[in-house]
Each structure stands twice: as C-alpha cells, then as structure tokens.
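For reference, my_file.txt (compact mmCIF, C-alpha atoms):
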# COMPACT_ATOMS: atom_id res chain seq x y z
CA MET A 778 0.00 0.00 0.00
CA LYS A 779 2.76 2.47 0.86
CA ILE A 780 4.60 1.72 -2.38
CA SER A 781 1.54 2.63 -4.45
CA ARG A 782 1.42 6.01 -2.70
CA LEU A 783 5.14 6.63 -3.27
CA LEU A 784 5.06 5.56 -6.92
CA PRO A 785 3.91 8.97 -8.28
CA LEU A 786 6.62 10.69 -6.22
CA ILE A 787 9.28 8.31 -7.53
CA VAL A 788 8.14 8.87 -11.11
CA LEU A 789 8.20 12.64 -10.55
CA LEU A 790 11.75 12.49 -9.13
CA LEU A 791 12.96 10.38 -12.05
CA CYS A 792 11.44 12.83 -14.54
CA LEU A 793 13.03 15.80 -12.77
CA SER A 794 16.39 14.01 -12.74
CA ALA A 795 16.16 13.36 -16.48
CA ILE A 796 15.26 17.00 -17.13
CA CYS A 797 18.17 18.22 -14.97
CA LEU A 798 20.63 15.92 -16.75
CA THR A 799 19.43 17.16 -20.13
CA ALA A 800 19.72 20.78 -19.01
CA MET A 801 23.23 20.17 -17.68
CA ALA A 802 24.30 18.59 -20.97
CA GLN A 803 22.92 21.57 -22.86
CA GLU A 804 24.80 24.01 -20.63
CA VAL A 805 28.19 22.71 -21.75
CA PRO A 806 29.92 25.59 -23.58
CA SER A 807 30.37 24.95 -27.29
CA VAL A 808 34.14 25.38 -26.91
CA LEU A 809 34.10 22.20 -24.80
CA ARG A 810 32.45 20.15 -27.54
CA PRO A 811 34.26 18.39 -30.41
CA PRO A 812 33.87 19.59 -34.00
CA LYS A 813 30.80 18.21 -35.78
CA GLY A 814 31.26 14.61 -36.86
CA SER A 815 33.90 13.85 -34.21
CA PRO A 816 32.87 11.99 -31.08
CA VAL A 817 36.09 12.98 -29.24
CA ALA A 818 38.62 15.80 -29.63
CA LEU A 819 41.48 17.53 -27.86
CA VAL A 820 41.00 21.22 -27.08
CA VAL A 821 43.93 23.33 -25.93
CA PHE A 822 44.29 26.97 -24.97
CA GLU A 823 47.95 27.89 -25.40
CA ASP A 824 50.41 30.76 -25.29
CA LEU A 825 53.29 30.51 -27.75
CA GLN A 826 55.71 31.94 -25.17
CA CYS A 827 54.66 29.51 -22.40
CA PRO A 828 57.36 26.87 -21.67
CA GLN A 829 54.83 24.26 -20.52
CA CYS A 830 52.85 24.83 -23.75
CA ALA A 831 56.05 24.13 -25.69
CA ARG A 832 56.43 20.81 -23.84
CA ALA A 833 52.78 19.88 -24.38
CA ALA A 834 52.45 20.82 -28.07
CA PRO A 835 54.29 17.85 -29.65
CA LEU A 836 52.54 15.42 -27.28
CA LEU A 837 49.13 16.80 -28.23
CA ALA A 838 49.97 16.63 -31.94
CA GLN A 839 51.11 13.01 -31.53
CA ALA A 840 48.01 12.06 -29.53
CA SER A 841 45.81 13.63 -32.20
CA GLN A 842 47.53 11.55 -34.89
CA THR A 843 47.59 8.34 -32.82
CA TYR A 844 43.90 8.45 -31.96
CA LYS A 845 42.85 10.12 -35.23
CA ILE A 846 40.96 12.80 -33.30
CA PRO A 847 40.93 16.56 -33.96
CA LEU A 848 43.25 18.90 -32.07
CA VAL A 849 41.49 22.23 -31.65
CA GLN A 850 43.97 24.97 -30.74
CA HIS A 851 42.94 28.29 -29.20
CA ASP A 852 45.21 31.26 -28.60
CA PHE A 853 45.44 32.48 -25.04
CA PRO A 854 48.37 34.92 -24.92
CA LEU A 855 49.14 35.82 -21.34
CA PRO A 856 49.70 39.50 -20.50
CA MET A 857 53.08 38.90 -18.85
CA HIS A 858 54.59 37.51 -22.07
CA ASN A 859 56.08 40.17 -24.29
CA TRP A 860 55.98 38.50 -27.73
CA SER A 861 53.26 35.85 -27.52
CA MET A 862 50.52 38.08 -28.95
CA ASN A 863 52.61 38.92 -32.03
CA ALA A 864 53.51 35.25 -32.49
CA ALA A 865 49.83 34.28 -32.28
CA ILE A 866 48.98 36.88 -34.95
CA MET A 867 51.72 35.47 -37.19
CA ALA A 868 50.38 31.94 -36.62
CA ARG A 869 46.96 33.18 -37.71
CA TYR A 870 48.57 34.67 -40.82
CA PHE A 871 50.09 31.28 -41.69
CA ASP A 872 46.69 29.67 -41.01
CA THR A 873 45.36 31.76 -43.92
CA HIS A 874 47.68 29.81 -46.23
CA SER A 875 46.66 26.46 -44.76
CA LYS A 876 45.83 25.05 -41.34
CA SER A 877 48.81 22.71 -41.59
CA THR A 878 51.15 25.66 -42.28
CA GLY A 879 49.78 27.49 -39.23
CA ASP A 880 50.15 24.39 -37.08
CA ALA A 881 53.71 23.87 -38.33
CA PHE A 882 54.53 27.50 -37.46
CA ARG A 883 53.24 27.02 -33.91
CA LEU A 884 55.41 23.91 -33.47
CA TYR A 885 58.37 25.79 -34.99
CA ILE A 886 57.92 28.66 -32.52
CA PHE A 887 57.63 26.24 -29.61
CA GLU A 888 60.80 24.47 -30.79
CA HIS A 889 62.75 27.75 -30.89
CA GLN A 890 60.99 29.40 -27.95
CA ARG A 891 64.11 29.80 -25.79
CA GLU A 892 65.90 31.66 -28.60
CA ILE A 893 63.08 34.08 -29.37
CA LEU A 894 62.91 37.68 -28.16
CA PRO A 895 60.57 40.49 -29.22
CA ASP A 896 63.34 41.84 -31.49
CA ASN A 897 64.03 38.60 -33.36
CA LEU A 898 60.55 37.03 -33.59
CA ARG A 899 60.10 38.50 -37.08
CA GLY A 900 63.39 36.89 -38.19
CA PHE A 901 62.17 33.46 -37.07
CA ALA A 902 58.89 34.01 -38.94
CA GLU A 903 60.79 35.08 -42.08
CA LYS A 904 63.00 31.99 -41.94
CA PHE A 905 59.94 29.75 -41.49
CA ALA A 906 58.17 31.46 -44.41
CA ALA A 907 61.24 31.20 -46.68
CA GLU A 908 61.65 27.47 -45.97
CA ARG A 909 58.03 26.92 -47.01
CA LYS A 910 58.06 29.42 -49.89
CA VAL A 911 55.31 31.50 -48.28
CA ASP A 912 55.28 35.26 -48.71
CA LEU A 913 55.45 37.13 -45.39
CA PRO A 914 54.36 40.75 -45.85
CA PHE A 915 56.01 43.54 -43.90
CA VAL A 916 52.71 44.25 -42.13
CA VAL A 917 51.09 40.90 -41.38
CA ASP A 918 47.78 42.20 -40.05
CA PRO A 919 47.06 45.64 -41.53
CA ALA A 920 43.31 45.60 -40.83
CA GLY A 921 43.58 43.98 -37.39
CA LYS A 922 41.46 40.96 -38.39
CA LEU A 923 44.01 38.40 -37.22
CA SER A 924 44.48 40.22 -33.91
CA ALA A 925 40.70 40.16 -33.47
CA LEU A 926 40.71 36.37 -33.95
CA VAL A 927 43.39 35.95 -31.28
CA LEU A 928 41.52 38.22 -28.86
CA SER A 929 38.29 36.34 -29.61
CA ASP A 930 40.00 33.08 -28.60
CA ARG A 931 41.30 34.70 -25.42
CA ASP A 932 37.81 36.00 -24.60
CA LEU A 933 36.42 32.51 -25.26
CA GLY A 934 38.86 31.13 -22.70
CA LYS A 935 37.80 33.74 -20.19
CA THR A 936 34.15 32.66 -20.56
CA ILE A 937 35.14 29.28 -19.10
CA ASN A 938 37.25 30.94 -16.38
CA LEU A 939 40.56 29.95 -17.89
CA ASP A 940 43.56 31.30 -16.02
CA HIS A 941 46.59 29.28 -17.11
CA THR A 942 48.27 27.74 -20.12
CA PRO A 943 48.27 25.21 -21.40
CA THR A 944 44.72 24.31 -20.51
CA ILE A 945 43.99 20.99 -22.16
CA PHE A 946 40.63 19.25 -22.40
CA VAL A 947 39.51 15.93 -23.81
CA VAL A 948 35.99 16.69 -25.02
CA THR A 949 33.20 14.40 -26.24
CA ASP A 950 29.81 14.69 -27.86
CA ARG A 951 28.14 12.92 -24.92
CA LYS A 952 24.73 14.20 -23.94
CA THR A 953 24.85 12.77 -20.42
CA GLY A 954 27.50 12.54 -17.76
CA ASN A 955 30.61 14.66 -17.97
CA PRO A 956 31.34 15.41 -21.65
CA TYR A 957 34.78 16.92 -20.99
CA VAL A 958 37.77 16.50 -18.68
CA GLU A 959 40.72 18.81 -18.13
CA VAL A 960 44.08 17.06 -18.47
CA LYS A 961 46.28 18.49 -15.73
CA ASP A 962 48.98 15.82 -15.90
CA LEU A 963 50.35 15.17 -19.40
CA SER A 964 51.44 11.69 -18.39
CA GLN A 965 47.71 10.90 -18.11
CA LEU A 966 46.79 12.25 -21.58
CA TYR A 967 46.44 8.88 -23.33
CA ALA A 968 44.66 7.26 -20.38
CA THR A 969 42.21 10.18 -20.30
CA ILE A 970 41.53 9.87 -24.03
CA ASP A 971 40.97 6.12 -23.62
CA ALA A 972 38.52 6.70 -20.76
CA MET A 973 36.61 9.40 -22.64
CA LYS A 974 36.34 7.27 -25.79
CA LYS A 975 34.45 4.59 -23.88
CA PRO A 976 30.66 4.82 -24.29
Any chance you could give the structure as structure tokens?
Amino acid sequence: MKISRLLPLIVLLLCLSAICLTAMAQEVPSVLRPPKGSPVALVVFEDLQCPQCARAAPLLAQASQTYKIPLVQHDFPLPMHNWSMNAAIMARYFDTHSKSTGDAFRLYIFEHQREILPDNLRGFAEKFAAERKVDLPFVVDPAGKLSALVLSDRDLGKTINLDHTPTIFVVTDRKTGNPYVEVKDLSQLYATIDAMKKP
C-alpha cells in the first residue's frame, strides 16, 4: 500500500532528474564540444611563449595523430609575455595559407621558444616562411582581423574561467554525464583519451 502512494513521487523524481541531466548537458559551452562529426577531440588553450605549452604541443599533436581525433587549438596569450601576442597573430597569418602551415609555425615557434625575443621574432617568422616558400608581408595584419581572432579566442577562454596555459581538455559529444575532462597531468593524456572514448 505504501509503495503505491510513493510511486507517483518516484516517477516525478525520475522525470526531474532526467530534465536536470538534459539541461546540464545543454549548458556545456560549445568550446568544450568536439567539432561536428567527431565523437572525441582535444581542445587546448595555449600561449606561444609559455614553456609548458612548448612541452605539451608535440605530445598533443602526436596524440591527435595516434587516436585520429581533432586537435582544436585556441590562442590564449598571457599579459606577462612580451611576444606571444605577435607570435599568435603570425600563426593566424600562416593559417590563412593552410591550417597545416599554421600548425607547423606554432610547433616551430615552440621548438625555438628559448631563442626568441621580441626583437628577433620576425626573423624566425621570415625563416619559417622562406623554408616553405610562403610570402610574409612587412605588415602581417594591416586591418587587425588576425588580432581580433586571437583576442576572440582569449575571450572565449575567459568565458570558461581559464587562467593558465596550457589548458587541455579531452571533449566528447556525450549528452549525459561529464562530456569533458581537463588534463592536468600530461602523463595521463592517453589514459584520459581512452577513458573518454568509452561509451
């Protein structure tokens, strides 16, 4: 008899739980979702002058290739770094030639990070461009469009309360549960991807 009285309450609680879970899944920011058609992706907010970003970049590129999942890179130049904003703008310029050229430039900058200063950043960009037979104009961003893209990425990071680089997420297209996880320990990157790929 008591169960029959509790049954409507139980049904109501289950319905409310389902509604809450659906609402929570819908509240996940789009930046923490994979690109359309990909069930899993890596998302990173990085600063080209950040030493830890330089250590993470080749590992992320390798993980992306190993698992055949997208690597979505966002610029997050930190205010204390004196050439990272200009490097990010140059990376965006190389992106206009091809995404792979932009990605190669980022890895090139990370590889030479310890040698780069505000005064010689342009020289590194010129050498990279010459090796790939890409024209590098004297003024890379005359209309400020590339700078706006970098600042848009930084603002996107701020909307999810980002405060450090690199900030790395493994994101999924799951509608329930936790659809993303921040990777704080790079030694756990592959294990995290494996766990997030499981249904």
Excluding same-chain residues fewer than 2 positions from A:Val917, what lies within 7 Å of it counting all atoms listed in the file, as a list in words?
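Neighbouring residues, sequence-local ones excluded: Met867, Tyr870, Pro914, Phe915 and Pro919 of chain A.
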Resulting file, chosen residues, C-alpha atoms, as a PDB file, keeping the file's coordinate frame:
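What landed in out_7.pdb:
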ATOM      1  CA  MET A 867      51.720  35.470 -37.190  1.00  0.00           C
ATOM      2  CA  TYR A 870      48.570  34.670 -40.820  1.00  0.00           C
ATOM      3  CA  PRO A 914      54.360  40.750 -45.850  1.00  0.00           C
ATOM      4  CA  PHE A 915      56.010  43.540 -43.900  1.00  0.00           C
ATOM      5  CA  PRO A 919      47.060  45.640 -41.530  1.00  0.00           C
TER       6      PRO A 919
END
Can you pull out every residue within 10 Å of A:Leu928, counting all atoms listed in the file, but drop anything in the same chain fewer than 2 positions away, and send it as a list of chain:residue names?
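After dropping sequence-adjacent residues, the list is A:Asp852, A:Phe853, A:Pro854, A:Met862, A:Ala865, A:Ile866, A:Lys922, A:Leu923, A:Ser924, A:Ala925, A:Leu926, A:Asp930, A:Arg931, A:Asp932, A:Leu933, A:Gly934.
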Among the residues A:Pro806, A:Gly921, A:Pro943, A:Pro956, the one that comes closest to A:Ala834 [using only C-alpha atoms]:
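Answer, going by the shortest atom-to-atom distance: A:Pro943.
Atom CA of A:Tyr957 lies 10.9 Å from atom CA of A:Lys974.
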To one decimal place in Å, what is the distance between atom CA of A:Val947 and atom CA of A:Pro812?
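Computing it gives 12.2 Å between the two atoms.
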Could you tell me which of A:Lys935, A:Arg883, A:Lys876, A:Arg951 comes closest to A:Ser861 if we count all atoms listed in the file?
A:Arg883
Counting all atoms listed in the file, the residue among A:Phe882, A:Gln829, A:Gln890, A:Trp860 that lies closest to A:Glu903 is A:Phe882
Point-to-point distance from atom CA of A:Arg891 to atom CA of A:Ala833, Å rounded to tenths:
15.1 Å
Among A:Val911, A:Val808, A:Leu825, A:Val960, A:Ser875 is approached most closely, using all atoms listed in the file, by A:Val911
Contacts of A:Ser815 within 9 Å, only C-alpha atoms, excl. fewer than 6 positions in-chain, as a PDB file with C-alpha atoms, in the frame of the given file:
ATOM      1  CA  ILE A 846      40.960  12.800 -33.300  1.00  0.00           C
ATOM      2  CA  PRO A 847      40.930  16.560 -33.960  1.00  0.00           C
ATOM      3  CA  THR A 949      33.200  14.400 -26.240  1.00  0.00           C
ATOM      4  CA  ASP A 950      29.810  14.690 -27.860  1.00  0.00           C
TER       5      ASP A 950
END
Nearest-residue call for A:Asn863, choices A:Asp880, A:Gln850, A:Val927, A:Val805, using only C-alpha atoms:
A:Val927
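Nearest residue to A:Ser807, choosing from A:Thr936, A:Asp872, A:Ala907, A:Met973 and counting all atoms listed in the file: A:Thr936.
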Can you pull out every residue within 10 Å of A:Asp912, counting only C-alpha atoms, but drop anything in the same chain fewer than 6 positions away, and send it as a ChimeraX atom specification?
/A:871,874,903,906
The residues within 7 Å of (44.7, 23.3, -26.7), using only C-alpha atoms and the coordinates of the file, should be reported as a PyMOL selection string; which are they?
chain A and resi 819-823+849-851+943-945
